[in-house]
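The file structure19.cif contains mmCIF, C-alpha atoms:
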data_run
#
loop_
_atom_site.group_PDB
_atom_site.id
_atom_site.type_symbol
_atom_site.label_atom_id
_atom_site.label_comp_id
_atom_site.auth_asym_id
_atom_site.auth_seq_id
_atom_site.Cartn_x
_atom_site.Cartn_y
_atom_site.Cartn_z
ATOM 1 C CA MET A 1 -25.492 -4.633 2.735
ATOM 2 C CA MET A 2 -21.832 -5.644 2.994
ATOM 3 C CA LYS A 3 -22.621 -9.303 3.661
ATOM 4 C CA ALA A 4 -25.107 -9.478 0.811
ATOM 5 C CA ALA A 5 -22.622 -7.891 -1.567
ATOM 6 C CA LEU A 6 -19.901 -10.291 -0.516
ATOM 7 C CA LYS A 7 -22.050 -13.196 -1.687
ATOM 8 C CA THR A 8 -21.975 -11.576 -5.120
ATOM 9 C CA ALA A 9 -18.215 -11.307 -5.008
ATOM 10 C CA GLU A 10 -17.289 -14.682 -3.556
ATOM 11 C CA PRO A 11 -17.806 -17.834 -5.629
ATOM 12 C CA ALA A 12 -16.941 -20.570 -3.142
ATOM 13 C CA LYS A 13 -19.218 -22.590 -0.864
ATOM 14 C CA ALA A 14 -22.049 -22.925 -3.385
ATOM 15 C CA ALA A 15 -23.800 -26.214 -3.873
ATOM 16 C CA ASP A 16 -22.567 -28.541 -6.594
ATOM 17 C CA GLY A 17 -24.130 -27.610 -9.876
ATOM 18 C CA ASP A 18 -24.907 -24.031 -8.778
ATOM 19 C CA PRO A 19 -24.919 -22.038 -12.067
ATOM 20 C CA VAL A 20 -23.534 -18.880 -10.439
ATOM 21 C CA ASP A 21 -20.671 -20.873 -8.893
ATOM 22 C CA ALA A 22 -19.935 -22.482 -12.258
ATOM 23 C CA LEU A 23 -19.984 -19.074 -13.935
ATOM 24 C CA MET A 24 -17.588 -17.538 -11.433
ATOM 25 C CA ARG A 25 -15.217 -20.455 -11.779
ATOM 26 C CA SER A 26 -15.227 -19.993 -15.557
ATOM 27 C CA ILE A 27 -13.906 -16.423 -15.249
ATOM 28 C CA ARG A 28 -10.160 -16.745 -14.912
ATOM 29 C CA ILE A 29 -8.727 -14.519 -12.178
ATOM 30 C CA PRO A 30 -4.968 -14.212 -12.813
ATOM 31 C CA PRO A 31 -3.007 -15.667 -9.869
ATOM 32 C CA ARG A 32 -1.093 -13.318 -7.615
ATOM 33 C CA PRO A 33 2.359 -12.811 -9.194
ATOM 34 C CA SER A 34 5.249 -14.271 -7.201
ATOM 35 C CA LEU A 35 7.037 -10.906 -7.281
ATOM 36 C CA LEU A 36 3.997 -9.353 -5.567
ATOM 37 C CA VAL A 37 4.019 -12.133 -2.940
ATOM 38 C CA ASP A 38 7.694 -11.363 -2.191
ATOM 39 C CA LEU A 39 7.014 -7.622 -2.110
ATOM 40 C CA GLN A 40 4.051 -7.967 0.255
ATOM 41 C CA ARG A 41 6.035 -10.298 2.533
ATOM 42 C CA GLU A 42 8.756 -7.658 2.893
ATOM 43 C CA LEU A 43 6.192 -4.885 3.447
ATOM 44 C CA ALA A 44 4.665 -6.939 6.259
ATOM 45 C CA GLU A 45 7.966 -6.846 8.153
ATOM 46 C CA PRO A 46 8.144 -4.478 11.174
ATOM 47 C CA ASP A 47 10.816 -2.431 9.382
ATOM 48 C CA PRO A 48 10.637 -2.946 5.584
ATOM 49 C CA SER A 49 13.981 -2.380 3.896
ATOM 50 C CA PRO A 50 14.236 -0.315 0.666
ATOM 51 C CA ARG A 51 17.400 -2.291 -0.117
ATOM 52 C CA ARG A 52 15.620 -5.662 0.138
ATOM 53 C CA ILE A 53 12.677 -4.336 -1.881
ATOM 54 C CA ALA A 54 15.110 -3.073 -4.520
ATOM 55 C CA ARG A 55 16.666 -6.545 -4.645
ATOM 56 C CA ILE A 56 13.223 -8.119 -5.234
ATOM 57 C CA ILE A 57 12.379 -5.672 -8.024
ATOM 58 C CA ALA A 58 15.857 -5.823 -9.584
ATOM 59 C CA ASP A 59 15.241 -9.484 -10.484
ATOM 60 C CA ASP A 60 12.709 -8.230 -13.062
ATOM 61 C CA VAL A 61 14.329 -5.957 -15.662
ATOM 62 C CA GLY A 62 10.964 -4.657 -16.885
ATOM 63 C CA MET A 63 9.839 -3.734 -13.385
ATOM 64 C CA SER A 64 13.166 -2.021 -12.616
ATOM 65 C CA GLY A 65 12.976 0.127 -15.733
ATOM 66 C CA ALA A 66 9.323 0.972 -15.135
ATOM 67 C CA LEU A 67 9.971 1.995 -11.518
ATOM 68 C CA LEU A 68 12.814 4.312 -12.495
ATOM 69 C CA LYS A 69 10.695 5.848 -15.255
ATOM 70 C CA LEU A 70 7.865 6.481 -12.790
ATOM 71 C CA ALA A 71 10.165 7.809 -10.058
ATOM 72 C CA ASN A 72 11.596 10.309 -12.540
ATOM 73 C CA SER A 73 8.282 11.292 -14.147
ATOM 74 C CA PRO A 74 6.933 14.850 -13.632
ATOM 75 C CA PHE A 75 4.011 13.539 -11.562
ATOM 76 C CA TYR A 76 6.119 11.662 -8.993
ATOM 77 C CA GLY A 77 9.618 13.002 -9.391
ATOM 78 C CA ALA A 78 11.327 16.026 -7.948
ATOM 79 C CA ALA A 79 14.205 18.047 -9.367
ATOM 80 C CA ARG A 80 16.626 15.224 -8.522
ATOM 81 C CA LYS A 81 16.731 12.072 -10.644
ATOM 82 C CA ALA A 82 16.860 8.512 -9.331
ATOM 83 C CA LYS A 83 19.823 6.620 -10.771
ATOM 84 C CA SER A 84 19.095 3.245 -9.158
ATOM 85 C CA VAL A 85 16.071 1.200 -8.133
ATOM 86 C CA GLU A 86 16.876 1.753 -4.456
ATOM 87 C CA GLN A 87 17.072 5.520 -5.011
ATOM 88 C CA GLY A 88 13.741 5.374 -6.831
ATOM 89 C CA ILE A 89 12.164 3.578 -3.866
ATOM 90 C CA ASN A 90 13.585 6.159 -1.452
ATOM 91 C CA PHE A 91 12.240 9.027 -3.582
ATOM 92 C CA LEU A 92 8.773 7.493 -3.998
ATOM 93 C CA GLY A 93 8.425 5.971 -0.550
ATOM 94 C CA ILE A 94 7.935 2.276 0.124
ATOM 95 C CA ASN A 95 4.113 2.285 0.083
ATOM 96 C CA GLN A 96 3.844 4.341 -3.109
ATOM 97 C CA CYS A 97 6.453 2.124 -4.751
ATOM 98 C CA SER A 98 4.409 -0.943 -3.806
ATOM 99 C CA ALA A 99 1.235 0.584 -5.272
ATOM 100 C CA LEU A 100 2.986 1.395 -8.556
ATOM 101 C CA MET A 101 4.532 -2.069 -8.826
ATOM 102 C CA THR A 102 1.173 -3.724 -8.095
ATOM 103 C CA GLY A 103 -0.386 -1.798 -10.967
ATOM 104 C CA LEU A 104 2.409 -2.727 -13.370
ATOM 105 C CA LEU A 105 2.109 -6.390 -12.361
ATOM 106 C CA ALA A 106 -1.634 -6.253 -13.028
ATOM 107 C CA ARG A 107 -1.018 -5.048 -16.559
ATOM 108 C CA GLN A 108 1.561 -7.785 -17.108
ATOM 109 C CA ALA A 109 -0.802 -10.439 -15.740
ATOM 110 C CA LEU A 110 -3.732 -9.405 -17.923
ATOM 111 C CA GLU A 111 -1.629 -9.093 -21.054
ATOM 112 C CA ALA A 112 -0.325 -12.602 -20.354
ATOM 113 C CA GLU A 113 -3.984 -13.671 -20.608
ATOM 114 C CA GLY A 114 -4.090 -12.211 -24.111
ATOM 115 C CA VAL A 115 -5.886 -9.014 -23.088
ATOM 116 C CA GLU A 116 -4.256 -5.946 -24.629
ATOM 117 C CA LEU A 117 -6.310 -2.835 -24.035
ATOM 118 C CA ASN A 118 -4.186 0.284 -24.379
ATOM 119 C CA ASN A 119 -7.161 2.612 -23.984
ATOM 120 C CA PHE A 120 -8.284 0.753 -20.844
ATOM 121 C CA TRP A 121 -4.857 1.193 -19.220
ATOM 122 C CA ASP A 122 -4.688 4.836 -20.288
ATOM 123 C CA VAL A 123 -8.016 5.584 -18.581
ATOM 124 C CA SER A 124 -7.020 3.504 -15.524
ATOM 125 C CA ALA A 125 -3.767 5.463 -15.181
ATOM 126 C CA LYS A 126 -5.644 8.762 -15.484
ATOM 127 C CA ARG A 127 -8.136 7.644 -12.836
ATOM 128 C CA ALA A 128 -5.328 6.578 -10.481
ATOM 129 C CA ARG A 129 -3.568 9.944 -10.875
ATOM 130 C CA ALA A 130 -6.847 11.818 -10.406
ATOM 131 C CA VAL A 131 -7.786 9.903 -7.246
ATOM 132 C CA VAL A 132 -4.307 10.478 -5.783
ATOM 133 C CA PHE A 133 -4.438 14.174 -6.690
ATOM 134 C CA THR A 134 -7.875 14.773 -5.153
ATOM 135 C CA SER A 135 -7.128 12.642 -2.080
ATOM 136 C CA ARG A 136 -4.054 14.796 -1.411
ATOM 137 C CA LYS A 137 -5.977 18.034 -1.950
ATOM 138 C CA LEU A 138 -8.751 16.941 0.413
ATOM 139 C CA ARG A 139 -6.427 15.033 2.790
ATOM 140 C CA ILE A 140 -8.695 12.023 3.039
ATOM 141 C CA ALA A 141 -6.852 8.907 1.829
ATOM 142 C CA PRO A 142 -3.237 7.654 1.791
ATOM 143 C CA PRO A 143 -1.777 8.150 -1.732
ATOM 144 C CA ASP A 144 -0.853 4.467 -2.140
ATOM 145 C CA ILE A 145 -4.390 3.301 -1.272
ATOM 146 C CA ALA A 146 -5.875 5.976 -3.557
ATOM 147 C CA HIS A 147 -3.560 4.962 -6.412
ATOM 148 C CA THR A 148 -4.252 1.243 -6.082
ATOM 149 C CA PHE A 149 -8.011 1.768 -5.948
ATOM 150 C CA GLY A 150 -7.965 4.116 -8.950
ATOM 151 C CA LEU A 151 -5.945 1.654 -11.007
ATOM 152 C CA PHE A 152 -7.865 -1.491 -10.004
ATOM 153 C CA CYS A 153 -11.346 0.073 -9.948
ATOM 154 C CA ASP A 154 -12.329 -1.388 -13.350
ATOM 155 C CA ILE A 155 -9.907 -4.340 -13.443
ATOM 156 C CA GLY A 156 -12.888 -6.696 -13.851
ATOM 157 C CA VAL A 157 -13.708 -5.182 -17.267
ATOM 158 C CA PRO A 158 -10.921 -6.870 -19.293
ATOM 159 C CA LEU A 159 -11.534 -10.152 -17.433
ATOM 160 C CA LEU A 160 -15.206 -10.100 -18.476
ATOM 161 C CA MET A 161 -14.213 -9.134 -22.029
ATOM 162 C CA ASN A 162 -12.028 -12.238 -22.057
ATOM 163 C CA ARG A 163 -14.889 -14.416 -20.779
ATOM 164 C CA PHE A 164 -17.869 -13.110 -22.786
ATOM 165 C CA PRO A 165 -17.507 -12.358 -26.518
ATOM 166 C CA ASP A 166 -20.472 -9.952 -26.358
ATOM 167 C CA TYR A 167 -19.365 -8.152 -23.196
ATOM 168 C CA VAL A 168 -18.214 -5.155 -25.247
ATOM 169 C CA ASN A 169 -21.892 -4.587 -26.149
ATOM 170 C CA THR A 170 -22.891 -4.937 -22.490
ATOM 171 C CA TYR A 171 -20.268 -2.402 -21.494
ATOM 172 C CA ALA A 172 -21.522 0.078 -24.079
ATOM 173 C CA ALA A 173 -25.142 -0.442 -22.965
ATOM 174 C CA ALA A 174 -24.238 0.052 -19.294
ATOM 175 C CA ALA A 175 -22.112 3.123 -20.029
ATOM 176 C CA ASN A 176 -24.999 4.753 -21.893
ATOM 177 C CA ASP A 177 -27.800 3.840 -19.454
ATOM 178 C CA ALA A 178 -28.926 7.017 -17.707
ATOM 179 C CA HIS A 179 -31.224 5.285 -15.218
ATOM 180 C CA ASN A 180 -29.950 1.842 -14.180
ATOM 181 C CA SER A 181 -26.798 1.101 -12.233
ATOM 182 C CA PHE A 182 -23.866 0.069 -14.431
ATOM 183 C CA THR A 183 -23.514 -3.200 -12.532
ATOM 184 C CA ASP A 184 -27.269 -3.932 -12.704
ATOM 185 C CA VAL A 185 -27.029 -3.910 -16.503
ATOM 186 C CA GLU A 186 -24.073 -6.318 -16.349
ATOM 187 C CA ASP A 187 -25.844 -8.604 -13.841
ATOM 188 C CA ALA A 188 -28.941 -8.813 -16.043
ATOM 189 C CA ARG A 189 -26.889 -9.977 -19.030
ATOM 190 C CA HIS A 190 -24.108 -12.045 -17.453
ATOM 191 C CA GLN A 191 -25.178 -12.864 -13.868
ATOM 192 C CA THR A 192 -22.073 -11.059 -12.609
ATOM 193 C CA ASN A 193 -20.407 -7.684 -12.983
ATOM 194 C CA HIS A 194 -16.974 -6.085 -13.246
ATOM 195 C CA ALA A 195 -17.125 -4.715 -9.676
ATOM 196 C CA ALA A 196 -17.621 -8.191 -8.170
ATOM 197 C CA ILE A 197 -14.873 -9.683 -10.347
ATOM 198 C CA GLY A 198 -12.529 -6.801 -9.513
ATOM 199 C CA CYS A 199 -13.186 -7.317 -5.798
ATOM 200 C CA LEU A 200 -12.303 -10.996 -6.153
ATOM 201 C CA LEU A 201 -9.004 -10.179 -7.849
ATOM 202 C CA ALA A 202 -8.186 -7.570 -5.190
ATOM 203 C CA ARG A 203 -8.829 -10.092 -2.414
ATOM 204 C CA ASN A 204 -6.891 -12.847 -4.183
ATOM 205 C CA TRP A 205 -3.947 -10.503 -4.687
ATOM 206 C CA GLY A 206 -3.868 -9.451 -1.032
ATOM 207 C CA LEU A 207 -4.790 -5.800 -1.624
ATOM 208 C CA SER A 208 -6.183 -3.799 1.282
ATOM 209 C CA SER A 209 -9.748 -4.542 2.356
ATOM 210 C CA ASP A 210 -10.703 -0.874 1.822
ATOM 211 C CA VAL A 211 -9.610 -1.156 -1.809
ATOM 212 C CA ALA A 212 -11.467 -4.460 -2.320
ATOM 213 C CA TRP A 213 -14.728 -3.169 -0.801
ATOM 214 C CA ALA A 214 -14.513 0.155 -2.642
ATOM 215 C CA ILE A 215 -14.067 -1.730 -5.929
ATOM 216 C CA LEU A 216 -17.119 -3.867 -5.117
ATOM 217 C CA HIS A 217 -19.336 -0.848 -4.418
ATOM 218 C CA HIS A 218 -17.957 1.791 -6.778
ATOM 219 C CA HIS A 219 -21.171 1.886 -8.842
ATOM 220 C CA ASP A 220 -23.474 1.563 -5.822
ATOM 221 C CA TYR A 221 -23.819 5.225 -4.923
ATOM 222 C CA SER A 222 -26.343 4.540 -2.172
ATOM 223 C CA VAL A 223 -23.384 3.604 0.076
ATOM 224 C CA LEU A 224 -22.224 7.234 -0.023
ATOM 225 C CA GLY A 225 -25.063 8.123 2.314
ATOM 226 C CA ASP A 226 -24.860 4.930 4.374
ATOM 227 C CA PRO A 227 -23.110 5.477 7.731
ATOM 228 C CA SER A 228 -22.752 1.697 8.209
ATOM 229 C CA THR A 229 -20.217 1.675 5.346
ATOM 230 C CA ASP A 230 -16.693 2.645 6.417
ATOM 231 C CA ASP A 231 -15.868 6.276 5.750
ATOM 232 C CA ALA A 232 -12.635 5.321 3.957
ATOM 233 C CA ILE A 233 -14.569 3.183 1.460
ATOM 234 C CA ARG A 234 -17.140 5.901 0.817
ATOM 235 C CA SER A 235 -14.376 8.457 0.299
ATOM 236 C CA LEU A 236 -12.666 6.321 -2.340
ATOM 237 C CA ILE A 237 -15.964 5.847 -4.194
ATOM 238 C CA ALA A 238 -16.680 9.595 -4.057
ATOM 239 C CA LEU A 239 -13.179 10.362 -5.372
ATOM 240 C CA SER A 240 -13.661 7.880 -8.224
ATOM 241 C CA LEU A 241 -16.770 9.817 -9.288
ATOM 242 C CA LEU A 242 -14.790 13.063 -9.358
ATOM 243 C CA ALA A 243 -12.112 11.296 -11.396
ATOM 244 C CA GLU A 244 -14.709 9.893 -13.817
ATOM 245 C CA LYS A 245 -16.221 13.337 -14.343
ATOM 246 C CA GLY A 246 -12.744 14.809 -14.867
ATOM 247 C CA ILE A 247 -11.755 12.142 -17.408
ATOM 248 C CA GLN A 248 -14.995 12.532 -19.359
ATOM 249 C CA ARG A 249 -14.518 16.286 -19.425
ATOM 250 C CA TYR A 250 -10.896 15.952 -20.541
ATOM 251 C CA HIS A 251 -12.045 13.771 -23.435
ATOM 252 C CA GLY A 252 -14.485 16.459 -24.538
ATOM 253 C CA ASN A 253 -17.686 15.121 -22.975
ATOM 254 C CA SER A 254 -19.570 17.876 -21.188
ATOM 255 C CA SER A 255 -21.719 15.365 -19.310
ATOM 256 C CA SER A 256 -21.017 12.182 -17.347
ATOM 257 C CA LEU A 257 -23.871 9.769 -16.671
ATOM 258 C CA GLU A 258 -22.094 8.338 -13.627
ATOM 259 C CA TRP A 259 -21.651 11.839 -12.215
ATOM 260 C CA ASP A 260 -25.343 12.519 -12.885
ATOM 261 C CA LYS A 261 -26.192 9.382 -10.866
ATOM 262 C CA GLY A 262 -23.866 9.930 -7.921
ATOM 263 C CA GLY A 263 -22.095 13.291 -8.154
ATOM 264 C CA GLU A 264 -24.345 15.118 -5.701
ATOM 265 C CA LEU A 265 -23.949 12.355 -3.092
ATOM 266 C CA ALA A 266 -20.184 12.366 -3.672
ATOM 267 C CA CYS A 267 -19.954 16.113 -3.067
ATOM 268 C CA GLN A 268 -22.058 15.804 0.076
ATOM 269 C CA HIS A 269 -19.800 13.079 1.438
ATOM 270 C CA LEU A 270 -16.617 15.012 0.615
ATOM 271 C CA GLY A 271 -18.064 18.283 1.972
ATOM 272 C CA LEU A 272 -17.653 20.053 -1.371
ATOM 273 C CA SER A 273 -19.844 22.842 -2.687
ATOM 274 C CA ALA A 274 -20.653 22.889 -6.412
ATOM 275 C CA GLU A 275 -18.074 25.657 -6.865
ATOM 276 C CA GLU A 276 -15.370 23.740 -4.996
ATOM 277 C CA ALA A 277 -16.069 20.618 -7.074
ATOM 278 C CA ALA A 278 -15.846 22.708 -10.263
ATOM 279 C CA ASP A 279 -12.485 24.130 -9.127
ATOM 280 C CA LEU A 280 -11.149 20.620 -8.453
ATOM 281 C CA LEU A 281 -12.280 19.500 -11.903
ATOM 282 C CA ASP A 282 -10.456 22.491 -13.434
ATOM 283 C CA GLU A 283 -7.296 21.441 -11.598
ATOM 284 C CA LEU A 284 -7.682 17.846 -12.806
ATOM 285 C CA HIS A 285 -7.966 19.099 -16.380
ATOM 286 C CA GLU A 286 -4.712 21.040 -15.981
ATOM 287 C CA MET A 287 -3.033 17.974 -14.485
ATOM 288 C CA PHE A 288 -4.076 15.772 -17.417
ATOM 289 C CA ASP A 289 -2.753 18.437 -19.811
ATOM 290 C CA THR A 290 0.587 18.493 -17.983
ATOM 291 C CA ASP A 291 0.876 14.704 -18.340
ATOM 292 C CA HIS A 292 0.903 15.007 -22.130
#
What does the file become when written as structure tokens?
Amino acid sequence: MMKAALKTAEPAKAADGDPVDALMRSIRIPPRPSLLVDLQRELAEPDPSPRRIARIIADDVGMSGALLKLANSPFYGAARKAKSVEQGINFLGINQCSALMTGLLARQALEAEGVELNNFWDVSAKRARAVVFTSRKLRIAPPDIAHTFGLFCDIGVPLLMNRFPDYVNTYAAAANDAHNSFTDVEDARHQTNHAAIGCLLARNWGLSSDVAWAILHHHDYSVLGDPSTDDAIRSLIALSLLAEKGIQRYHGNSSSLEWDKGGELACQHLGLSAEEAADLLDELHEMFDTDH
């Protein structure tokens, strides 16, 4: 299954004139920002230095301000307040800082492409917080991996909106289809889908392989019961379903079609009873309320 899916996500090595190859090349994947390259190079060192990371981030005034705001926010901050970028990194931790910066750079990169979707980023931020919250409660995924996956899960959506003028109609049709997979609806109309495009961006940006594969399969709920798929990937997908249900509920929707399709499998994978899942959803609702 993994190898077959990768062919969907990877455009290269097709024969000249291949229509799928041409299509994939026509969807612009923003290049990896140079600040992210510098950040990842430092993180790859045996002993990454908060001071050197602070120096990299300090070159970008917007990033510096955003990091301090996040470090001092109720969700991430403690009673003490960070007064410098380096303090903010020390409070958040290097890996969490990297995940937050990667998300901010993604927003910058997409807005540079002329894509401004405030609602999209609001939902993405809620999903990231929800996946981090549930991963901590269940002790099943590092917070930085959970955050990055939650934020980048649907990153292919604005890229497809940029490429196809009618994609907004496709998105609505897929979101309201109670029977077919979200990505199957996209594939039928556009010969690609937001999960494949999101996986490509994750790989191009050097994000972890678990994040890239989880993005690729996050609407393929059959993997939740497939022992050949890494447990870490299945856990991220299951957590994204909990987050989706929580977000829908917070917005006043008593039902979630994605939860109807995969919620039972997600609970089985996470070892949650219906009551335990309901309690987690209650806690997510309280968390979203606290954020506002």
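One distance worth recording is that between CA of Ala243 (chain A) and CA of Leu36 (chain A), which is 26.8 Å.
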Query - From A:Lys83, A:His179, A:Arg52, A:His218, residue lying nearest Gly198 (chain A) [only C-alpha atoms] - result: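 Between A:Lys83, A:His179, A:Arg52, A:His218, the residue approaching Gly198 (chain A) most closely is A:His218.
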Report task. Measure the distance from CA of Val37 (chain A) to CA of Gly206 (chain A) in Å and round it to one decimal. Result ->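 So the answer is 8.5 Å.
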Requested in this report: Would you mind telling me which residue in A:Leu43, A:Ala128, A:Leu160, A:Cys97 lies nearest to Leu67 (chain A) when using all atoms listed in the file?
Outcome: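 Under the stated criterion, the closest residue is A:Cys97.
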Report summary line: Computed gap from CA of Ile237 (chain A) to CA of Ser273 (chain A) is 17.5 Å
Step by step, work through what the PyMOL selection byres ((chain A and resi 100-104) around 10) selects in the shown file, and finish by giving those residues as a PDB file with C-alpha atoms, in the coordinates of the input.
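The result, written out as result-v7.pdb:
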ATOM      1  CA  ARG A  32      -1.093 -13.318  -7.615  1.00  0.00           C
ATOM      2  CA  PRO A  33       2.359 -12.811  -9.194  1.00  0.00           C
ATOM      3  CA  LEU A  35       7.037 -10.906  -7.281  1.00  0.00           C
ATOM      4  CA  LEU A  36       3.997  -9.353  -5.567  1.00  0.00           C
ATOM      5  CA  LEU A  39       7.014  -7.622  -2.110  1.00  0.00           C
ATOM      6  CA  GLN A  40       4.051  -7.967   0.255  1.00  0.00           C
ATOM      7  CA  ILE A  57      12.379  -5.672  -8.024  1.00  0.00           C
ATOM      8  CA  GLY A  62      10.964  -4.657 -16.885  1.00  0.00           C
ATOM      9  CA  MET A  63       9.839  -3.734 -13.385  1.00  0.00           C
ATOM     10  CA  SER A  64      13.166  -2.021 -12.616  1.00  0.00           C
ATOM     11  CA  ALA A  66       9.323   0.972 -15.135  1.00  0.00           C
ATOM     12  CA  LEU A  67       9.971   1.995 -11.518  1.00  0.00           C
ATOM     13  CA  LEU A  70       7.865   6.481 -12.790  1.00  0.00           C
ATOM     14  CA  ALA A  71      10.165   7.809 -10.058  1.00  0.00           C
ATOM     15  CA  LEU A  92       8.773   7.493  -3.998  1.00  0.00           C
ATOM     16  CA  ASN A  95       4.113   2.285   0.083  1.00  0.00           C
ATOM     17  CA  GLN A  96       3.844   4.341  -3.109  1.00  0.00           C
ATOM     18  CA  CYS A  97       6.453   2.124  -4.751  1.00  0.00           C
ATOM     19  CA  SER A  98       4.409  -0.943  -3.806  1.00  0.00           C
ATOM     20  CA  ALA A  99       1.235   0.584  -5.272  1.00  0.00           C
ATOM     21  CA  LEU A 105       2.109  -6.390 -12.361  1.00  0.00           C
ATOM     22  CA  ALA A 106      -1.634  -6.253 -13.028  1.00  0.00           C
ATOM     23  CA  ARG A 107      -1.018  -5.048 -16.559  1.00  0.00           C
ATOM     24  CA  GLN A 108       1.561  -7.785 -17.108  1.00  0.00           C
ATOM     25  CA  ALA A 109      -0.802 -10.439 -15.740  1.00  0.00           C
ATOM     26  CA  TRP A 121      -4.857   1.193 -19.220  1.00  0.00           C
ATOM     27  CA  SER A 124      -7.020   3.504 -15.524  1.00  0.00           C
ATOM     28  CA  ALA A 125      -3.767   5.463 -15.181  1.00  0.00           C
ATOM     29  CA  ALA A 128      -5.328   6.578 -10.481  1.00  0.00           C
ATOM     30  CA  ASP A 144      -0.853   4.467  -2.140  1.00  0.00           C
ATOM     31  CA  HIS A 147      -3.560   4.962  -6.412  1.00  0.00           C
ATOM     32  CA  THR A 148      -4.252   1.243  -6.082  1.00  0.00           C
ATOM     33  CA  PHE A 149      -8.011   1.768  -5.948  1.00  0.00           C
ATOM     34  CA  GLY A 150      -7.965   4.116  -8.950  1.00  0.00           C
ATOM     35  CA  LEU A 151      -5.945   1.654 -11.007  1.00  0.00           C
ATOM     36  CA  PHE A 152      -7.865  -1.491 -10.004  1.00  0.00           C
ATOM     37  CA  TRP A 205      -3.947 -10.503  -4.687  1.00  0.00           C
ATOM     38  CA  LEU A 207      -4.790  -5.800  -1.624  1.00  0.00           C
TER      39      LEU A 207
END
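Taking all atoms listed in the file into account, Ile145 (chain A) lies nearest to A:Val131 out of the set A:Leu117, A:Ala238, A:Val131, A:Ala173.
When you apply the PyMOL selection byres ((chain A and resi 262) around 9) to this structure, what comes back is His219, Asp220, Tyr221, Ser222, Leu224, Ala238, Leu241, Leu257, Glu258, Trp259, Asp260, Lys261, Gly263, Glu264, Leu265, Ala266 and Cys267 of chain A.
Counting only C-alpha atoms, the residue from A:Thr134, A:Ser84, A:Thr170, A:Ser240 that sits nearest to Glu276 (chain A) is A:Thr134.
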